$ cat protein_35.txt   # compact mmCIF, C-alpha atoms
# COMPACT_ATOMS: atom_id res chain seq x y z
CA MET A 1 -29.12 6.32 6.82
CA VAL A 2 -28.37 9.81 5.45
CA TYR A 3 -24.63 9.14 5.23
CA LYS A 4 -25.17 5.77 3.54
CA ALA A 5 -27.21 7.55 0.88
CA LEU A 6 -24.53 10.24 0.58
CA LEU A 7 -21.74 7.71 0.03
CA LYS A 8 -23.80 5.86 -2.57
CA LEU A 9 -24.57 9.15 -4.34
CA LEU A 10 -20.90 10.13 -4.36
CA ALA A 11 -19.91 6.71 -5.74
CA ALA A 12 -22.44 7.11 -8.56
CA THR A 13 -21.16 10.63 -9.25
CA PHE A 14 -17.50 9.62 -9.43
CA ASP A 15 -18.36 6.81 -11.81
CA ALA A 16 -18.27 9.47 -14.55
CA ARG A 17 -14.82 10.06 -16.06
CA ASP A 18 -15.16 13.82 -16.42
CA ASN A 19 -12.92 16.75 -15.46
CA LYS A 20 -15.81 18.55 -13.80
CA VAL A 21 -16.39 15.52 -11.59
CA SER A 22 -12.66 15.23 -10.85
CA ALA A 23 -12.72 18.84 -9.67
CA LEU A 24 -15.00 17.73 -6.83
CA ILE A 25 -12.32 15.48 -5.31
CA PRO A 26 -10.71 18.07 -2.96
CA GLN A 27 -14.07 19.00 -1.40
CA THR A 28 -15.05 15.35 -1.20
CA CYS A 29 -11.82 14.49 0.62
CA SER A 30 -12.49 17.25 3.15
CA LEU A 31 -16.01 15.91 3.68
CA LEU A 32 -14.75 12.36 4.17
CA LYS A 33 -12.01 13.43 6.57
CA ASP A 34 -14.08 15.78 8.72
CA ILE A 35 -17.49 14.10 8.80
CA VAL A 36 -17.70 10.61 7.30
CA LEU A 37 -14.50 9.07 8.64
CA PRO A 38 -15.23 9.86 12.32
CA LEU A 39 -18.62 8.17 11.90
CA CYS A 40 -16.94 5.09 10.48
CA THR A 41 -14.85 4.72 13.62
CA ASN A 42 -18.00 4.57 15.73
CA PRO A 43 -18.67 0.86 16.47
CA GLY A 44 -22.35 1.29 15.75
CA ASN A 45 -21.71 2.54 12.21
CA ALA A 46 -18.36 1.10 11.19
CA SER A 47 -19.48 -2.17 9.63
CA GLU A 48 -22.05 -0.56 7.35
CA LEU A 49 -20.51 2.79 6.50
CA PHE A 50 -16.89 1.76 6.19
CA LEU A 51 -17.40 -0.65 3.31
CA LEU A 52 -19.40 2.00 1.43
CA LEU A 53 -16.58 4.45 2.07
CA LEU A 54 -13.99 2.00 0.75
CA LYS A 55 -16.04 1.40 -2.39
CA LEU A 56 -16.12 5.16 -2.95
CA LEU A 57 -12.33 5.38 -2.57
CA HIS A 58 -11.91 2.56 -5.07
CA LYS A 59 -14.11 4.45 -7.53
CA ILE A 60 -12.26 7.74 -7.11
CA LEU A 61 -8.79 6.24 -7.47
CA THR A 62 -9.68 3.95 -10.36
CA VAL A 63 -11.78 6.27 -12.51
CA HIS A 64 -9.96 9.52 -11.68
CA TRP A 65 -6.40 8.21 -11.44
CA ARG A 66 -5.03 10.91 -13.74
CA PHE A 67 -6.34 13.61 -11.43
CA PHE A 68 -3.63 12.51 -9.01
CA VAL A 69 -0.66 11.31 -11.04
CA THR A 70 1.22 11.86 -14.26
CA SER A 71 4.03 10.12 -16.12
CA VAL A 72 7.17 12.20 -16.71
CA ALA A 73 10.58 11.63 -18.22
CA ASP A 74 13.32 10.74 -15.75
CA ASN A 75 15.58 13.65 -16.70
CA SER A 76 18.18 12.88 -14.06
CA GLN A 77 19.00 9.48 -15.54
CA ASN A 78 19.28 10.74 -19.11
CA SER A 79 21.30 13.81 -18.11
CA GLY A 80 23.73 11.50 -16.36
CA ASN A 81 23.98 9.28 -19.41
CA ALA A 82 24.54 12.30 -21.62
CA ALA A 83 27.36 13.62 -19.49
CA ALA A 84 28.99 10.21 -19.31
CA SER A 85 28.80 9.18 -22.94
CA GLY A 86 28.54 12.35 -25.07
CA GLY A 87 27.41 11.89 -28.68
CA ILE A 88 23.70 11.16 -29.04
CA GLY A 89 23.34 11.13 -25.25
CA SER A 90 24.38 14.78 -25.11
CA ILE A 91 21.94 15.61 -27.88
CA LEU A 92 19.11 13.93 -25.97
CA GLY A 93 20.15 15.72 -22.82
CA GLN A 94 19.57 19.06 -24.56
CA ASN A 95 16.42 18.15 -26.50
CA PRO A 96 13.35 17.84 -24.21
CA LEU A 97 11.22 16.11 -26.85
CA ALA A 98 13.90 13.57 -27.73
CA LEU A 99 14.57 13.05 -24.03
CA ALA A 100 10.90 12.38 -23.30
CA LEU A 101 10.64 9.89 -26.15
CA ASN A 102 13.88 8.09 -25.46
CA GLY A 103 14.22 8.15 -21.68
CA LYS A 104 12.87 6.16 -18.79
CA ARG A 105 9.57 7.46 -17.42
CA VAL A 106 8.48 7.71 -13.82
CA ILE A 107 5.00 8.09 -12.29
CA ARG A 108 4.62 11.02 -9.92
CA VAL A 109 1.83 12.78 -8.07
CA ILE A 110 1.06 16.06 -9.83
CA ASP A 111 1.47 18.51 -6.92
CA ALA A 112 1.46 18.89 -3.13
CA ASP A 113 -2.30 19.40 -2.83
CA ARG A 114 -3.04 16.25 -4.78
CA LEU A 115 -0.44 14.39 -2.78
CA ASN A 116 -2.34 15.23 0.41
CA GLU A 117 -5.57 13.89 -1.09
CA PHE A 118 -3.82 10.83 -2.56
CA GLN A 119 -2.28 10.00 0.81
CA LEU A 120 -5.57 10.52 2.64
CA LEU A 121 -7.45 8.03 0.47
CA LEU A 122 -4.73 5.39 0.74
CA GLN A 123 -4.29 5.98 4.48
CA ILE A 124 -7.99 5.25 5.03
CA MET A 125 -7.48 1.92 3.27
CA LEU A 126 -4.38 1.16 5.31
CA ASP A 127 -6.16 1.99 8.57
CA SER A 128 -8.70 -0.72 7.83
CA PHE A 129 -6.04 -3.28 8.78
CA ARG A 130 -5.78 -1.67 12.21
CA THR A 131 -9.50 -1.18 12.87
CA PRO A 132 -10.71 -3.43 15.72
CA ASP A 133 -13.40 -5.99 14.91
CA ILE A 134 -13.42 -5.18 11.20
CA SER A 135 -14.82 -8.00 9.10
CA PRO A 136 -12.52 -10.17 6.95
CA ALA A 137 -14.74 -9.33 3.95
CA THR A 138 -13.96 -5.63 4.36
CA VAL A 139 -10.21 -6.20 4.65
CA ALA A 140 -10.36 -8.57 1.67
CA PHE A 141 -12.00 -5.77 -0.33
CA VAL A 142 -9.14 -3.41 0.59
CA ILE A 143 -6.53 -6.00 -0.42
CA ALA A 144 -8.29 -6.58 -3.75
CA THR A 145 -8.53 -2.81 -4.32
CA LEU A 146 -4.82 -2.22 -3.68
CA ARG A 147 -3.78 -5.10 -5.92
CA ASP A 148 -6.20 -3.93 -8.60
CA LEU A 149 -4.81 -0.38 -8.48
CA ASP A 150 -1.29 -1.73 -8.86
CA LYS A 151 -2.21 -4.03 -11.72
CA MET A 152 -4.22 -1.42 -13.62
CA ARG A 153 -2.49 1.83 -12.59
CA ARG A 154 0.90 0.73 -11.21
CA LEU A 155 0.16 2.17 -7.78
CA PHE A 156 3.23 0.68 -6.13
CA LYS A 157 5.47 2.31 -8.77
CA VAL A 158 4.22 5.84 -8.04
CA GLU A 159 7.30 7.66 -6.77
CA GLU A 160 5.62 9.24 -3.76
CA PHE A 161 3.94 5.98 -2.78
CA ALA A 162 7.26 4.13 -2.94
CA THR A 163 9.15 6.71 -0.89
CA LEU A 164 6.52 8.00 1.54
CA MET A 165 3.94 5.25 2.01
CA LYS A 166 5.33 1.85 1.09
CA PRO A 167 7.42 1.40 4.27
CA THR A 168 4.30 1.95 6.40
CA PHE A 169 2.27 -0.42 4.22
CA LEU A 170 4.94 -3.13 4.53
CA ALA A 171 5.11 -2.67 8.30
CA THR A 172 1.33 -2.79 8.66
CA MET A 173 1.05 -5.98 6.61
CA MET A 174 3.66 -7.65 8.81
CA GLU A 175 2.02 -6.36 12.01
CA THR A 176 -1.30 -7.80 10.87
CA LEU A 177 0.27 -11.17 10.07
CA LEU A 178 2.25 -11.36 13.31
CA ALA A 179 -0.72 -10.33 15.44
CA ARG A 180 -2.98 -12.83 13.63
CA SER A 181 -5.70 -10.19 13.57
CA GLN A 182 -6.96 -11.47 10.20
CA PRO A 183 -6.31 -15.24 10.34
CA LEU A 184 -8.64 -15.97 7.42
CA LEU A 185 -6.65 -13.70 5.11
CA VAL A 186 -3.05 -14.81 5.69
CA GLU A 187 -2.55 -15.94 2.09
CA GLU A 188 -4.06 -12.76 0.64
CA ILE A 189 -2.00 -10.51 2.91
CA SER A 190 1.17 -12.49 2.14
CA LEU A 191 0.59 -12.02 -1.59
CA LEU A 192 -0.02 -8.28 -1.12
CA LEU A 193 3.19 -8.13 0.93
CA PHE A 194 5.05 -9.77 -1.97
CA GLU A 195 3.66 -7.30 -4.51
CA LEU A 196 4.59 -4.36 -2.28
CA ALA A 197 8.13 -5.67 -1.79
CA ASN A 198 8.62 -6.82 -5.37
CA SER A 199 9.79 -3.45 -6.70
CA ASP A 200 12.88 -3.61 -4.47
CA MET A 201 13.49 -7.02 -2.94
CA ASP A 202 17.04 -6.04 -2.00
CA ILE A 203 15.67 -3.47 0.44
CA PHE A 204 13.13 -5.95 1.82
CA PHE A 205 15.66 -8.68 2.59
CA SER A 206 18.67 -6.52 3.52
CA SER A 207 16.90 -3.79 5.49
CA PHE A 208 13.20 -4.19 6.22
CA LEU A 209 13.18 -7.79 7.46
CA PRO A 210 16.34 -7.53 9.61
CA SER A 211 15.03 -4.26 11.12
CA LEU A 212 11.72 -5.92 11.95
CA ILE A 213 13.44 -8.87 13.63
CA GLY A 214 15.78 -6.49 15.45
CA THR A 215 12.84 -4.87 17.25
CA LEU A 216 11.75 -8.15 18.84
CA GLN A 217 12.57 -8.71 22.51
CA ILE A 218 14.24 -12.09 22.01
CA SER A 219 17.79 -13.44 22.20
CA GLU A 220 20.28 -13.05 19.34
CA GLU A 221 20.17 -16.81 18.80
CA MET A 222 16.41 -16.65 18.32
CA LYS A 223 16.76 -13.70 15.95
CA ILE A 224 19.20 -15.65 13.80
CA SER A 225 16.85 -18.62 13.75
CA LEU A 226 13.93 -16.40 12.81
CA LYS A 227 15.84 -14.68 9.98
CA GLY A 228 16.91 -18.06 8.61
CA SER A 229 13.28 -19.14 8.28
CA TRP A 230 12.76 -16.62 5.45
CA PRO A 231 15.40 -17.21 2.74
CA ASP A 232 16.03 -14.67 -0.01
CA GLU A 233 13.76 -16.27 -2.64
CA ARG A 234 11.96 -13.84 -4.94
CA ASP A 235 9.24 -15.63 -6.88
CA SER A 236 5.74 -15.14 -5.50
CA SER A 237 4.96 -18.74 -4.52
CA THR A 238 8.27 -19.27 -2.67
CA PHE A 239 8.08 -15.83 -1.06
CA CYS A 240 4.58 -16.52 0.29
CA ALA A 241 5.55 -20.01 1.48
CA SER A 242 8.60 -18.54 3.25
CA CYS A 243 6.33 -15.96 4.84
CA GLN A 244 4.20 -18.79 6.27
CA ASN A 245 7.34 -20.49 7.60
CA PHE A 246 8.46 -17.23 9.17
CA LEU A 247 5.10 -16.80 10.93
CA SER A 248 5.25 -20.33 12.30
CA GLU A 249 8.83 -19.81 13.49
CA TYR A 250 7.84 -16.49 15.03
CA ARG A 251 5.09 -18.10 17.10
CA TYR A 252 7.48 -20.85 18.23
CA VAL A 253 10.25 -18.39 19.11
CA MET A 254 7.93 -16.09 21.03
CA SER A 255 6.38 -18.94 23.02
CA ARG A 256 9.88 -20.26 23.82
CA SER A 257 10.97 -16.77 24.91
CA VAL A 258 8.00 -16.54 27.30
CA VAL A 259 8.89 -19.90 28.84
CA LEU A 260 12.55 -18.89 29.31
CA CYS A 261 11.58 -15.57 30.89
CA SER A 262 9.25 -17.30 33.35
CA ARG A 263 12.00 -19.47 34.78

$ encode --input "protein_35.txt" --output "structure tokens"
Amino acid sequence: MVYKALLKLLAATFDARDNKVSALIPQTCSLLKDIVLPLCTNPGNASELFLLLLKLLHKILTVHWRFFVTSVADNSQNSGNAAASGGIGSILGQNPLALALNGKRVIRVIDADRLNEFQLLLQIMLDSFRTPDISPATVAFVIATLRDLDKMRRLFKVEEFATLMKPTFLATMMETLLARSQPLLVEEISLLLFELANSDMDIFFSSFLPSLIGTLQISEEMKISLKGSWPDERDSSTFCASCQNFLSEYRYVMSRSVVLCSR
């Protein structure tokens, strides 16, 4: 009861968009990691506390987004253009203000400390997909939160998310779908998978998917059949439909493999 009240109080506190409130985030993350999160993994508390915890994370990341990330000019791209073309490109390469106004911008986490806190909050969300006996409503809330953060704050475009966390998120979504641990949320997870992959579909189809199939203990013929069930189509509706076909083919291939091994 005390920790429920604490989480509700923290959520109300972080509803205020104020630098003094943002300054409480490091201590709050330590509290969540050391005290609250272990309680949420206790079967007797998980269902009640975990959803309150997730709502708090949503509040922190949404209201205090700029505590974690900033938008900066992509100096490397413009410097390369300047060296290649000369003229105005070289002028921009030597003028920081002109470079910032003219160049491509990237979203980055501000520093290493904030990266640790940023990763902690997102890792808690990701772990919800792996938590035994978690309710579909709780996982649906996490999916909605992640999609909301991407739509409003461009979460999936944050440089550190894309390089450090996105591969694990993609793998976890596929593990959840293949294990059928959330059968009521297949469409929602497929759409989240699409939005995660959408920033670099070339990597998804040329690297991630073949690597995933390569880990399966099935024959090469079955692997080829499985890969063919998910064509390289990149609009959301076709991608999600192909994902459904892939899951059906996966179940068929795995059941066939079991039969062949039993002979």

$ closest_residue --input "protein_35.txt" --among "A:Asp235, A:Glu188, A:Asp15, A:Glu249" --to "Ile143 of chain A" --atoms "only C-alpha atoms"
A:Glu188

$ residues_around --input "protein_35.txt" --residues "Arg154 of chain A" --least-positions-apart "2" --cutoff "12 Å" --atoms "all atoms listed in the file" --output "list in words"
Leu61, Thr62, Trp65, Val69, Thr70, Ser71, Val106, Ile107, Arg108, Leu146, Arg147, Asp148, Leu149, Asp150, Lys151, Met152, Phe156, Lys157, Val158, Glu159, Phe161, Ala162, Glu195, Leu196 and Ser199 of chain A

$ write_last_selection --input "protein_35.txt" --atoms "C-alpha atoms" --output "short mmCIF file (atom, residue, chain, number, x, y, z; two decimals), in the frame of the given file"
data_model
loop_
_atom_site.label_atom_id
_atom_site.label_comp_id
_atom_site.auth_asym_id
_atom_site.auth_seq_id
_atom_site.Cartn_x
_atom_site.Cartn_y
_atom_site.Cartn_z
CA LEU A 61 -8.79 6.24 -7.47
CA THR A 62 -9.68 3.95 -10.36
CA TRP A 65 -6.40 8.21 -11.44
CA VAL A 69 -0.66 11.31 -11.04
CA THR A 70 1.22 11.86 -14.26
CA SER A 71 4.03 10.12 -16.12
CA VAL A 106 8.48 7.71 -13.82
CA ILE A 107 5.00 8.09 -12.29
CA ARG A 108 4.62 11.02 -9.92
CA LEU A 146 -4.82 -2.22 -3.68
CA ARG A 147 -3.78 -5.10 -5.92
CA ASP A 148 -6.20 -3.93 -8.60
CA LEU A 149 -4.81 -0.38 -8.48
CA ASP A 150 -1.29 -1.73 -8.86
CA LYS A 151 -2.21 -4.03 -11.72
CA MET A 152 -4.22 -1.42 -13.62
CA PHE A 156 3.23 0.68 -6.13
CA LYS A 157 5.47 2.31 -8.77
CA VAL A 158 4.22 5.84 -8.04
CA GLU A 159 7.30 7.66 -6.77
CA PHE A 161 3.94 5.98 -2.78
CA ALA A 162 7.26 4.13 -2.94
CA GLU A 195 3.66 -7.30 -4.51
CA LEU A 196 4.59 -4.36 -2.28
CA SER A 199 9.79 -3.45 -6.70
#

$ residues_around --input "protein_35.txt" --residues "segment 110-114 of chain A" --least-positions-apart "6" --cutoff "10 Å" --atoms "all atoms listed in the file" --output "list in words"
Ile25, Pro26, Arg66, Phe67, Phe68, Val69, Thr70, Ser71, Val72 and Leu120 of chain A

$ atom_distance --input "protein_35.txt" --atom1 "atom CA of Ala241 of chain A" --atom2 "atom CA of Ser225 of chain A"
16.7 Å

$ closest_residue --input "protein_35.txt" --among "A:Val109, A:Leu193, A:Leu212, A:Leu37" --to "Asp127 of chain A" --atoms "all atoms listed in the file"
A:Leu37

$ closest_residue --input "protein_35.txt" --among "A:Leu52, A:Phe118, A:Ser255, A:Thr41" --to "Ala12 of chain A" --atoms "only C-alpha atoms"
A:Leu52

$ closest_residue --input "protein_35.txt" --among "A:Leu53, A:Cys29, A:Val21, A:Val186" --to "Ala5 of chain A" --atoms "all atoms listed in the file"
A:Leu53

$ closest_residue --input "protein_35.txt" --among "A:Leu170, A:Ala140, A:Met201, A:Ile189" --to "Leu51 of chain A" --atoms "all atoms listed in the file"
A:Ala140

$ closest_atom_pairs --input "protein_35.txt" --of "segment 87-181 of chain A" --to "segment 204-210 of chain A" --cutoff "12 Å" --atoms "all atoms listed in the file" --output "tab-separated table"
residue	atom	partner	partner_atom	distance
A:Lys166	CA	A:Phe204	CA	11.1
A:Pro167	CA	A:Phe208	CA	8.3
A:Thr168	CA	A:Phe208	CA	10.8
A:Phe169	CA	A:Phe208	CA	11.7
A:Leu170	CA	A:Phe208	CA	8.5
A:Ala171	CA	A:Phe208	CA	8.5
A:Met174	CA	A:Leu209	CA	9.6
